[in-house]
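Undergrad: Contents of work00.cif (mmCIF, C-alpha atoms) are below:
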```cif
data_structure
#
loop_
_atom_site.label_atom_id
_atom_site.label_comp_id
_atom_site.auth_asym_id
_atom_site.auth_seq_id
_atom_site.Cartn_x
_atom_site.Cartn_y
_atom_site.Cartn_z
CA MET A 1 111.81 87.47 73.09
CA TRP A 2 111.18 91.18 72.76
CA GLY A 3 108.20 91.84 70.51
CA GLN A 4 108.60 94.18 67.55
CA VAL A 5 106.13 96.96 66.74
CA THR A 6 107.80 99.04 64.08
CA GLY A 7 107.72 102.79 63.82
CA ASN A 8 106.91 102.46 60.11
CA GLN A 9 103.43 101.31 61.10
CA TYR A 10 102.97 104.70 62.67
CA LEU A 11 104.57 106.72 59.87
CA SER A 12 102.51 105.01 57.19
CA GLN A 13 99.36 106.18 58.95
CA MET A 14 100.30 109.82 59.09
CA PHE A 15 99.03 110.60 55.57
CA LEU A 16 95.73 109.83 53.85
CA LYS A 17 95.98 107.10 51.24
CA VAL A 18 93.73 105.62 48.59
CA GLY A 19 94.94 102.19 47.68
CA ASN A 20 98.71 102.46 47.49
CA LYS A 21 98.71 106.17 46.58
CA VAL A 22 99.25 108.96 49.08
CA ILE A 23 96.79 111.83 48.60
CA THR A 24 98.32 115.26 48.04
CA GLN A 25 96.75 118.69 47.90
CA GLY A 26 98.56 121.62 46.38
CA GLY A 27 101.74 119.57 46.26
CA LYS A 28 101.58 118.74 49.98
CA PHE A 29 100.67 115.52 51.70
CA VAL A 30 97.25 115.48 53.33
CA GLU A 31 97.90 114.60 56.95
CA LYS A 32 95.68 112.09 58.67
CA LYS A 33 95.07 112.74 62.35
CA PHE A 34 95.43 109.75 64.65
CA ASN A 35 93.92 110.35 68.06
CA THR A 36 92.98 106.71 68.62
CA LEU A 37 94.28 104.11 71.06
CA THR A 38 93.18 100.49 70.70
CA PHE A 39 93.48 97.92 73.48
CA ASN A 40 92.94 94.19 72.94
CA VAL A 41 91.35 93.13 76.23
CA ASP A 42 89.37 90.22 77.60
CA GLY A 43 86.91 89.54 80.38
CA ASP A 44 83.38 90.69 81.11
CA ARG A 45 84.34 94.32 81.80
CA PHE A 46 87.02 96.98 81.45
CA PRO A 47 88.97 97.12 83.59
CA LYS A 48 88.43 93.46 84.42
CA ILE A 49 88.92 92.27 88.00
CA TYR A 50 92.62 91.85 88.75
CA ALA A 51 92.80 88.19 89.82
CA PRO A 52 95.83 88.39 92.19
CA PHE A 53 94.10 91.16 94.20
CA PRO A 54 90.36 90.92 93.47
CA SER A 55 89.48 93.43 96.18
CA GLY A 56 92.31 95.85 95.34
CA ALA A 57 92.02 99.24 93.69
CA GLN A 58 92.33 99.62 89.92
CA LEU A 59 93.04 102.65 87.77
CA PHE A 60 93.07 103.56 84.09
CA LEU A 61 93.95 107.25 83.83
CA ILE A 62 94.63 109.67 80.99
CA THR A 63 95.29 113.29 81.92
CA SER A 64 95.16 116.41 79.74
CA SER A 65 96.25 119.98 80.29
CA PHE A 66 93.03 121.35 78.73
CA PRO A 67 89.45 120.15 78.05
CA ASN A 68 89.09 117.04 75.92
CA THR A 69 86.66 114.28 74.99
CA VAL A 70 86.98 110.60 74.27
CA GLU A 71 84.70 108.36 72.25
CA VAL A 72 84.95 104.74 73.37
CA ASN A 73 83.85 101.93 71.10
CA TRP A 74 83.46 99.13 73.62
CA GLY A 75 83.35 96.39 70.98
CA ASP A 76 79.92 95.16 72.07
CA GLY A 77 77.90 97.45 69.81
CA ASN A 78 77.99 100.40 72.19
CA VAL A 79 79.85 103.64 71.52
CA ILE A 80 79.88 106.15 74.39
CA ASN A 81 81.23 109.69 74.50
CA TYR A 82 82.91 110.97 77.68
CA ASP A 83 84.03 114.45 78.66
CA PHE A 84 87.31 114.78 80.57
CA ILE A 85 86.67 115.88 84.17
CA LEU A 86 88.24 119.03 85.56
CA ASP A 87 90.18 118.60 88.80
CA ARG A 88 92.65 121.12 90.24
CA GLY A 89 93.43 122.69 86.91
CA GLU A 90 93.86 119.41 85.00
CA TYR A 91 91.42 117.32 82.98
CA TYR A 92 91.24 113.58 83.19
CA PHE A 93 89.44 110.52 81.89
CA GLN A 94 89.58 107.63 84.30
CA LEU A 95 88.08 104.22 84.90
CA ARG A 96 88.27 102.37 88.19
CA LYS A 97 86.92 99.07 89.40
CA GLU A 98 83.88 100.91 90.74
CA SER A 99 83.23 102.60 87.38
CA ALA A 100 84.21 99.71 85.09
CA TYR A 101 82.24 99.30 81.86
CA ILE A 102 80.47 95.91 81.76
CA PHE A 103 80.22 94.48 78.25
CA GLU A 104 76.64 93.85 77.15
CA ASP A 105 77.15 91.10 74.57
CA GLY A 106 78.07 88.32 77.03
CA ASN A 107 81.43 87.71 75.35
CA THR A 108 84.24 87.30 77.86
CA GLY A 109 86.93 86.59 75.26
CA PHE A 110 89.22 89.07 73.58
CA ARG A 111 87.91 92.21 71.93
CA ASP A 112 89.25 95.58 70.79
CA VAL A 113 88.32 98.59 72.88
CA VAL A 114 88.91 101.68 70.73
CA MET A 115 89.33 105.11 72.33
CA THR A 116 89.20 108.12 70.00
CA PHE A 117 90.15 111.42 71.63
CA GLY A 118 89.00 114.86 70.61
CA GLU A 119 92.66 115.80 70.44
CA ALA A 120 95.92 114.02 71.14
CA ARG A 121 97.45 117.41 71.85
CA GLY A 122 97.56 118.31 75.54
CA ILE A 123 97.42 114.72 76.84
CA PHE A 124 100.47 114.45 79.07
CA GLU A 125 99.95 111.41 81.34
CA PHE A 126 99.06 107.76 80.74
CA LYS A 127 98.81 105.68 83.90
CA THR A 128 97.39 102.28 84.78
CA SER A 129 97.32 100.06 87.83
CA ARG A 130 96.01 96.48 87.79
CA VAL A 131 94.41 97.03 84.39
CA PHE A 132 95.00 94.56 81.54
CA LEU A 133 95.76 96.43 78.30
CA GLY A 134 96.65 93.54 75.99
CA GLU A 135 100.03 92.25 74.92
CA THR A 136 100.85 95.05 72.46
CA PHE A 137 100.98 98.67 73.55
CA PRO A 138 99.23 100.87 70.94
CA THR A 139 101.65 102.19 68.33
CA ASN A 140 99.42 105.24 67.89
CA ILE A 141 100.68 106.45 71.27
CA LEU A 142 103.33 108.15 69.14
CA ALA A 143 100.74 110.70 68.00
CA PHE A 144 100.38 111.89 71.60
CA THR A 145 103.46 114.07 71.42
CA ASP A 146 102.71 116.05 74.61
CA LEU A 147 103.08 112.92 76.74
CA LYS A 148 105.36 113.46 79.71
CA SER A 149 104.67 110.29 81.70
CA ILE A 150 103.84 106.64 80.99
CA ALA A 151 103.38 104.37 84.01
CA LEU A 152 102.21 100.76 83.71
CA SER A 153 101.75 99.12 87.08
CA GLN A 154 100.73 95.54 87.88
CA GLY A 155 98.84 93.43 85.42
CA ALA A 156 99.08 95.55 82.27
CA GLY A 157 100.08 92.41 80.37
CA VAL A 158 102.11 94.41 77.86
CA LYS A 159 104.88 92.38 76.23
CA ASN A 160 105.45 94.41 73.08
CA PHE A 161 106.31 98.10 73.04
CA PRO A 162 106.84 100.34 70.00
CA THR A 163 110.40 100.20 68.70
CA LYS A 164 110.09 103.80 67.53
CA LEU A 165 109.42 106.40 70.22
CA SER A 166 111.23 109.42 68.80
CA PRO A 167 108.07 111.57 68.38
CA LEU A 168 107.63 111.54 72.18
CA THR A 169 110.20 114.26 72.77
CA LYS A 170 108.58 115.42 76.03
CA LEU A 171 108.46 112.00 77.71
CA THR A 172 110.51 112.26 80.90
CA VAL A 173 108.90 109.62 83.16
CA PHE A 174 108.68 105.93 82.29
CA GLU A 175 107.62 103.33 84.87
CA LEU A 176 107.12 99.58 84.62
CA PHE A 177 105.96 97.61 87.64
CA ASN A 178 105.15 93.90 87.51
CA ALA A 179 105.34 93.99 83.72
CA GLU A 180 106.16 91.22 81.26
CA ILE A 181 108.35 93.31 78.97
CA ASP A 182 111.52 91.32 78.50
CA ILE A 183 114.05 93.82 77.16
CA LEU A 184 114.65 97.48 77.91
CA PRO A 185 113.37 99.29 74.78
CA THR A 186 116.31 100.91 73.02
CA SER A 187 113.89 103.44 71.54
CA LEU A 188 113.26 104.64 75.10
CA LEU A 189 116.96 105.38 75.52
CA ASN A 190 116.81 108.05 72.83
CA LEU A 191 114.27 110.11 74.76
CA PRO A 192 114.89 112.72 77.50
CA ILE A 193 113.98 110.28 80.30
CA GLU A 194 114.61 111.79 83.74
CA ASP A 195 112.77 109.26 85.94
CA LEU A 196 112.96 105.53 85.12
CA SER A 197 111.45 102.74 87.24
CA LEU A 198 111.92 99.07 86.41
CA ILE A 199 110.32 97.14 89.26
CA ASP A 200 109.70 93.44 88.71
CA ALA A 201 110.17 94.17 85.02
CA ILE A 202 113.02 93.46 82.58
CA ASP A 203 114.84 90.25 83.50
CA LEU A 204 118.37 91.34 84.41
CA ASP A 205 119.64 87.94 85.57
CA ARG A 206 121.54 87.42 82.31
CA PRO A 207 124.21 89.16 80.22
CA PHE A 208 123.55 92.88 79.98
CA ASP A 209 123.68 92.93 76.19
CA GLU A 210 120.71 90.53 76.15
CA SER A 211 118.55 92.89 78.21
CA ASN A 212 119.95 96.17 76.79
CA PHE A 213 120.87 97.22 80.30
CA ASP A 214 124.38 97.97 79.12
CA LYS A 215 122.85 100.74 77.00
CA LEU A 216 121.37 102.56 79.95
CA ASN A 217 124.29 104.98 79.81
CA LEU A 218 122.66 106.49 76.70
CA LEU A 219 120.50 108.40 79.20
CA GLN A 220 123.56 110.00 80.79
CA ASN A 221 122.50 113.53 79.82
CA THR A 222 118.99 113.30 81.30
CA LEU A 223 118.49 110.48 83.83
CA GLU A 224 118.13 111.81 87.38
CA SER A 225 116.14 109.06 89.14
CA LEU A 226 116.39 105.28 88.74
CA SER A 227 114.55 102.51 90.59
CA ILE A 228 115.65 98.94 89.90
CA HIS A 229 114.52 96.11 92.10
CA ARG A 230 112.86 92.70 91.96
CA ASN A 231 114.84 92.18 88.76
CA ASP A 232 117.25 89.46 89.99
CA ILE A 233 120.12 91.84 89.33
CA ASP A 234 123.31 91.47 91.37
CA THR A 235 125.68 93.82 89.56
CA PHE A 236 125.82 96.77 87.17
CA PRO A 237 127.70 97.23 83.90
CA SER A 238 130.92 99.23 84.22
CA ASN A 239 129.48 102.10 82.18
CA PHE A 240 126.77 102.61 84.80
CA SER A 241 128.95 105.28 86.40
CA GLU A 242 128.56 107.36 83.22
CA LEU A 243 125.12 108.39 84.49
CA TYR A 244 126.60 111.61 85.79
CA LYS A 245 123.22 113.34 86.30
CA LEU A 246 121.80 110.51 88.43
CA GLU A 247 120.74 111.85 91.84
CA TYR A 248 118.37 109.15 93.14
CA LEU A 249 119.04 105.41 93.02
CA ARG A 250 116.86 102.69 94.51
CA THR A 251 118.05 99.09 94.27
CA SER A 252 117.71 95.67 95.79
CA PHE A 253 119.90 92.63 95.27
CA PRO A 254 118.48 89.18 96.05
CA THR A 255 121.87 87.83 97.02
CA GLY A 256 123.11 90.78 99.07
CA GLY A 257 126.88 90.94 99.44
CA VAL A 258 129.13 93.65 98.10
CA LEU A 259 127.44 96.41 96.12
CA PRO A 260 128.73 97.04 92.57
CA SER A 261 131.67 99.43 92.48
CA ALA A 262 130.03 101.47 89.72
CA ILE A 263 127.66 102.89 92.35
CA TYR A 264 130.50 104.60 94.20
CA ASN A 265 131.62 106.41 91.04
CA LEU A 266 128.32 108.23 90.48
CA PRO A 267 129.42 111.87 90.79
CA ASN A 268 126.11 113.48 91.78
CA LEU A 269 124.22 110.81 93.70
CA ARG A 270 122.21 112.45 96.51
CA ILE A 271 119.80 109.68 97.56
CA PHE A 272 120.59 105.97 97.75
CA SER A 273 117.99 103.46 98.92
CA HIS A 274 118.72 99.76 99.04
CA GLY A 275 116.75 96.64 99.91
CA GLN A 276 113.48 98.23 100.99
CA SER A 277 110.48 95.90 100.83
CA ASP A 278 112.45 93.05 99.32
CA GLY A 279 115.96 91.89 98.58
CA ILE A 280 118.83 91.61 101.02
CA GLY A 281 120.97 94.36 102.45
CA PRO A 282 124.66 94.74 101.63
CA SER A 283 127.27 92.93 103.68
CA SER A 284 129.05 96.17 104.52
CA LEU A 285 128.95 99.93 104.10
CA ASP A 286 132.44 100.08 102.65
CA ASN A 287 133.17 102.68 99.98
CA PHE A 288 130.14 104.87 100.67
CA GLU A 289 132.58 107.55 101.82
CA PHE A 290 133.32 108.21 98.13
CA LEU A 291 129.76 109.42 97.56
CA THR A 292 130.49 112.89 98.92
CA THR A 293 127.29 114.37 97.44
CA LEU A 294 125.12 111.89 99.36
CA GLU A 295 122.27 113.44 101.38
CA THR A 296 120.21 110.33 102.15
CA LEU A 297 121.38 106.77 102.76
CA ASP A 298 118.58 104.28 103.38
CA ILE A 299 119.57 100.64 103.98
CA ASP A 300 116.97 98.03 104.90
CA SER A 301 118.72 94.77 105.72
CA LYS A 302 115.67 92.62 106.35
CA ASN A 303 116.53 88.91 106.10
CA ASN A 304 120.21 89.72 105.79
CA ASN A 305 122.99 87.94 107.59
CA ILE A 306 123.96 89.97 110.64
CA PHE A 307 126.69 92.48 109.99
CA GLU A 308 127.91 95.49 111.91
CA PRO A 309 127.19 98.60 109.82
CA ASP A 310 130.53 100.38 110.02
CA VAL A 311 130.13 104.12 109.39
CA SER A 312 133.59 105.04 110.66
CA GLU A 313 134.63 106.44 107.25
CA PHE A 314 131.52 108.59 106.84
CA GLY A 315 133.29 111.78 107.89
CA THR A 316 133.60 112.73 104.20
CA LEU A 317 129.81 112.77 103.79
CA ILE A 318 129.40 116.40 104.81
CA ASN A 319 126.05 116.66 102.98
CA LEU A 320 124.46 113.68 104.75
CA LYS A 321 121.13 114.62 106.38
CA ASN A 322 119.20 111.34 106.45
CA LEU A 323 120.80 108.12 107.67
CA ILE A 324 118.50 105.09 107.86
CA ILE A 325 119.95 101.72 108.85
CA GLN A 326 117.31 99.23 109.88
CA GLY A 327 116.53 95.54 109.91
CA SER A 328 118.49 92.53 111.05
CA THR A 329 121.79 94.43 110.93
CA GLN A 330 120.81 95.92 114.28
CA ASP A 331 119.45 92.79 116.00
CA LEU A 332 122.57 92.03 118.04
CA GLN A 333 123.33 94.25 121.02
CA THR A 334 126.95 94.58 119.92
CA SER A 335 125.84 95.71 116.44
CA ILE A 336 123.47 98.47 117.54
CA ASP A 337 125.85 99.72 120.22
CA LEU A 338 128.81 99.79 117.85
CA PHE A 339 126.77 101.62 115.27
CA ILE A 340 125.80 104.37 117.75
CA ASN A 341 129.31 104.63 119.18
CA THR A 342 130.87 104.95 115.73
CA LEU A 343 128.25 107.39 114.50
CA TYR A 344 128.80 109.55 117.59
CA SER A 345 132.49 109.77 116.75
CA VAL A 346 131.73 110.79 113.16
CA VAL A 347 129.28 113.48 114.29
CA THR A 348 131.44 114.94 117.05
CA ASN A 349 134.69 114.81 115.07
CA ASN A 350 133.26 116.43 111.95
CA GLY A 351 130.28 118.50 113.10
CA ASP A 352 130.34 121.97 114.62
CA ILE A 353 128.62 122.27 118.00
CA VAL A 354 127.25 125.75 117.25
CA SER A 355 127.06 126.05 113.44
CA GLY A 356 123.32 125.82 112.82
CA SER A 357 122.65 123.50 109.90
CA GLY A 358 126.28 122.66 109.07
CA PRO A 359 127.71 119.17 108.45
CA PHE A 360 126.34 116.40 110.69
CA ARG A 361 123.79 118.72 112.26
CA GLU A 362 119.99 118.63 111.93
CA MET A 363 120.14 115.04 110.74
CA ALA A 364 117.35 112.47 110.75
CA ILE A 365 118.81 109.17 111.96
CA VAL A 366 116.94 105.85 112.04
CA CYS A 367 118.48 102.72 113.57
CA LEU A 368 115.64 100.27 114.06
CA SER A 369 116.08 96.57 114.82
CA ASP A 370 113.81 93.81 113.52
CA ALA A 371 114.16 92.14 116.94
CA GLY A 372 113.52 95.39 118.84
CA THR A 373 117.07 95.53 120.23
CA SER A 374 117.60 98.85 121.97
CA PRO A 375 120.93 100.66 122.40
CA THR A 376 122.49 100.22 125.83
CA GLY A 377 121.97 102.77 128.61
CA ILE A 378 119.52 105.50 129.57
CA PHE A 379 118.60 108.45 127.36
CA GLN A 380 119.93 111.24 129.56
CA GLU A 381 122.35 114.15 129.70
CA PRO A 382 125.93 112.94 130.26
CA THR A 383 128.31 114.21 132.89
CA GLY A 384 130.06 117.48 132.01
CA TYR A 385 127.66 118.43 129.20
CA ILE A 386 127.44 122.17 128.38
CA GLN A 387 125.09 123.38 125.67
CA ASN A 388 126.92 124.92 122.66
CA SER A 389 130.26 124.27 124.35
CA ASN A 390 131.05 120.76 125.59
CA ASN A 391 129.60 117.31 124.84
CA GLY A 392 130.68 116.03 128.23
CA SER A 393 131.57 112.38 128.77
CA PRO A 394 128.71 110.18 127.58
CA ALA A 395 129.22 106.70 129.02
CA THR A 396 126.59 104.72 127.06
CA PRO A 397 125.21 104.67 123.51
CA LYS A 398 121.93 106.23 124.69
CA GLU A 399 123.79 109.10 126.34
CA LYS A 400 125.58 109.62 123.05
CA ILE A 401 122.21 109.70 121.30
CA TRP A 402 121.15 112.36 123.81
CA VAL A 403 124.12 114.49 122.77
CA ILE A 404 123.42 114.02 119.06
CA VAL A 405 119.81 115.09 119.61
CA ASN A 406 120.44 118.06 121.90
CA GLN A 407 123.83 119.38 120.89
CA TYR A 408 123.57 118.76 117.15
CA ASN A 409 119.83 119.34 116.82
CA SER A 410 119.18 115.96 115.19
CA THR A 411 116.48 113.32 115.57
CA VAL A 412 117.28 109.68 116.33
CA ASN A 413 114.68 106.95 116.01
CA TYR A 414 115.71 103.67 117.65
CA SER A 415 114.01 100.55 119.01
CA GLU A 416 112.84 100.56 122.62
#
```
Can you dump the structure from the file as structure tokens?
TA:
Amino acid sequence: MWGQVTGNQYLSQMFLKVGNKVITQGGKFVEKKFNTLTFNVDGDRFPKIYAPFPSGAQLFLITSSFPNTVEVNWGDGNVINYDFILDRGEYYFQLRKESAYIFEDGNTGFRDVVMTFGEARGIFEFKTSRVFLGETFPTNILAFTDLKSIALSQGAGVKNFPTKLSPLTKLTVFELFNAEIDILPTSLLNLPIEDLSLIDAIDLDRPFDESNFDKLNLLQNTLESLSIHRNDIDTFPSNFSELYKLEYLRTSFPTGGVLPSAIYNLPNLRIFSHGQSDGIGPSSLDNFEFLTTLETLDIDSKNNNIFEPDVSEFGTLINLKNLIIQGSTQDLQTSIDLFINTLYSVVTNNGDIVSGSGPFREMAIVCLSDAGTSPTGIFQEPTGYIQNSNNGSPATPKEKIWVIVNQYNSTVNYSE
């Protein structure tokens, strides 16, 4: 179940107290500054070696917009002060595998590592990769109100996240990769999140109200980029189309098949990427013609059942500049040839031969086959071709590619 870390724990620490009485001065509460983050970690060092990839890179990074310091109580009797390092106008404190602190007391069990910063103000990025932070993310992160980005990648171990995030009014980027967090934090959905990544995090193979995914539409006024894959998701809630500001969507569905209809109702989607690196490609390209704002369509159908990617209705996609269809969809000769023949018709019927960068011109087209299947024919100028005037009579798919490249100033990358 989703762990609870209440916001009241944070609020109760904002004022100095003696016993149960809050100290006041001149009728005002005396504020207590909290610039401390505590991580309950284990192992012989921090960051400890990430077991799944013992030779892989690791990163613990905190970035500030101006000079800062951090005092680290390593929990072994040593307290060390570090200055943030200046790099290209920003200041950062970082630990990597090569610079890990090795505990001196011989204890490899759990301990608290306490980091006290000179100021919480100005710290705008918190990023980790393959670094175990403990099961509970520090509630005091709420004092770092200049935070713009939190990214936890691989091995953070965090299961509990603060249920109150409202002080983080500048947080626009939130990324979870290979995380154990079970439910999308509703507190996150009240922030101005623009870029959200849930990769191998948040189990979505269950009713949406159990994962809070049906509440994602609460970000409709801010969310511009969304990456969701390795989540065992095979559909979207109907209110997904309410994300009217969404411009970039990356998905993968383990079962492939027909993509959720809510995708085709996104009014401002510019970039759609599906099935890259894992998952299975869709069984068809039906309904993509409704995404008239689409600029990039990237479909990787690795391990998919063979299907012929029909782009015959793509004439409505006048903004399309990047078309990437690769993987097993193109393994059969008939599939790759039909794709090129159909695409040629779309380009020549809807693109202007001499209009510079108009619709279906200056495109980047990728049609690679897992099996290396090449389109039929020879890449050469067809009979009757006249530059800026006549496409001639291309007799093979490769001659049609030649026309797309030379007459419409596009690039086409295909298997040879």
Undergrad: Could you list, as a list in words, every residue within 10 Å of region 143-145 of chain A, counting all atoms listed in the file and ignoring same-chain residues fewer than 5 positions away?
TA: Tyr10, Leu11, Met14, Lys33, Phe34, Asn35, Thr36, Leu37, Glu119, Ala120, Arg121, Gly122, Ile123, Phe124, Glu125, Leu165, Ser166, Pro167, Leu168, Thr169, Lys170 and Leu171 of chain A
Undergrad: Do you know which residues lie at most 12 Å from (121.1, 114.4, 116.2), with coordinates as in the file and only C-alpha atoms counted, and could you write them as number ranges by chain?
TA: A: 320-323, 340, 343-344, 346-348, 351, 353, 357, 359-366, 398-413
Undergrad: I would like the residues chosen by the PyMOL selection byres ((chain A and resi 199-215) around 10) on the shown file; could you give them as number ranges by chain?
TA: A: 1-2, 153-154, 175-186, 189, 196-198, 216-219, 227-240, 251-252
Undergrad: I need the residue nearest Gln220 (chain A) from this list: A:Leu259, A:Phe161, A:Gly77, A:Pro267. Use only C-alpha atoms for the distance.
TA: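 For Gln220 (chain A), the nearest of the given residues is A:Pro267.
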Undergrad: Near Ala371 (chain A), within 9 Å and counting all atoms listed in the file, which residues show up once chain neighbours fewer than 3 positions away are dropped, as a list of chain:residue names?
TA: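 Selected residues are A:Gly327, A:Ser328, A:Gln330, A:Asp331, A:Leu332, A:Leu368, A:Ser415.
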Undergrad: If you count all atoms listed in the file, which residues fall within 12 Å of Glu98 (chain A), apart from same-chain ones fewer than 4 positions away, as a list of chain:residue names?
TA: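 Counting only the stated atoms, we get A:Arg45, A:Phe46, A:Pro47, A:Lys48, A:Ile49, A:Ser55, A:Gly56, A:Ala57, A:Gln58, A:Leu59, A:Phe60, A:Gln94, A:Ile102.
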Undergrad: Apply the PyMOL selection byres ((chain A and resi 80) around 12) to the displayed file and report the matching residues as a list in words.
TA: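 Selection result, ordered by chain and number: Thr69, Val70, Glu71, Val72, Asn73, Trp74, Gly75, Asp76, Gly77, Asn78, Val79, Asn81, Tyr82, Asp83, Tyr101, Val113, Val114, Met115, Thr116 and Phe117 of chain A.
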Undergrad: Identify the residues within 9 Å of coordinate (123.3, 107.6, 90.7) (same frame as the file), considering only C-alpha atoms, and give the answer as number ranges by chain.
TA: A: 223-226, 240-241, 243-250, 263-272
Undergrad: Quick one: pull the distance between CA of Ala100 (chain A) and CA of Thr136 (chain A), Å, one decimal.
TA: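 Separation between CA of Ala100 (chain A) and CA of Thr136 (chain A): 21.4 Å.
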Undergrad: Which one of A:Tyr414, A:Asp310, A:Lys97, A:Thr222 sits closest to Gln326 (chain A) if you count only C-alpha atoms?
TA: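 Closest to Gln326 (chain A), using only C-alpha atoms: A:Tyr414.
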Undergrad: From the options A:Ile62, A:Ile85, A:Val41, A:Val131, which residue's atoms come nearest to Gly109 (chain A), counting all atoms listed in the file?
TA: A:Val41
Undergrad: A:Asp42, A:Glu194, A:Asp112, A:Glu104: which is nearest Phe132 (chain A), counting all atoms listed in the file?
TA: A:Asp42
Undergrad: To one decimal place, how far is CA of Ala156 (chain A) from CA of Glu135 (chain A) in Å?
TA: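 Pair CA of Ala156 (chain A) / CA of Glu135 (chain A) returns 8.1 Å.
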Undergrad: Could you tell me which of A:Ser355, A:Thr163, A:Ser374, A:Asn40 comes closest to Asn388 (chain A) if we count only C-alpha atoms?
TA: A:Ser355
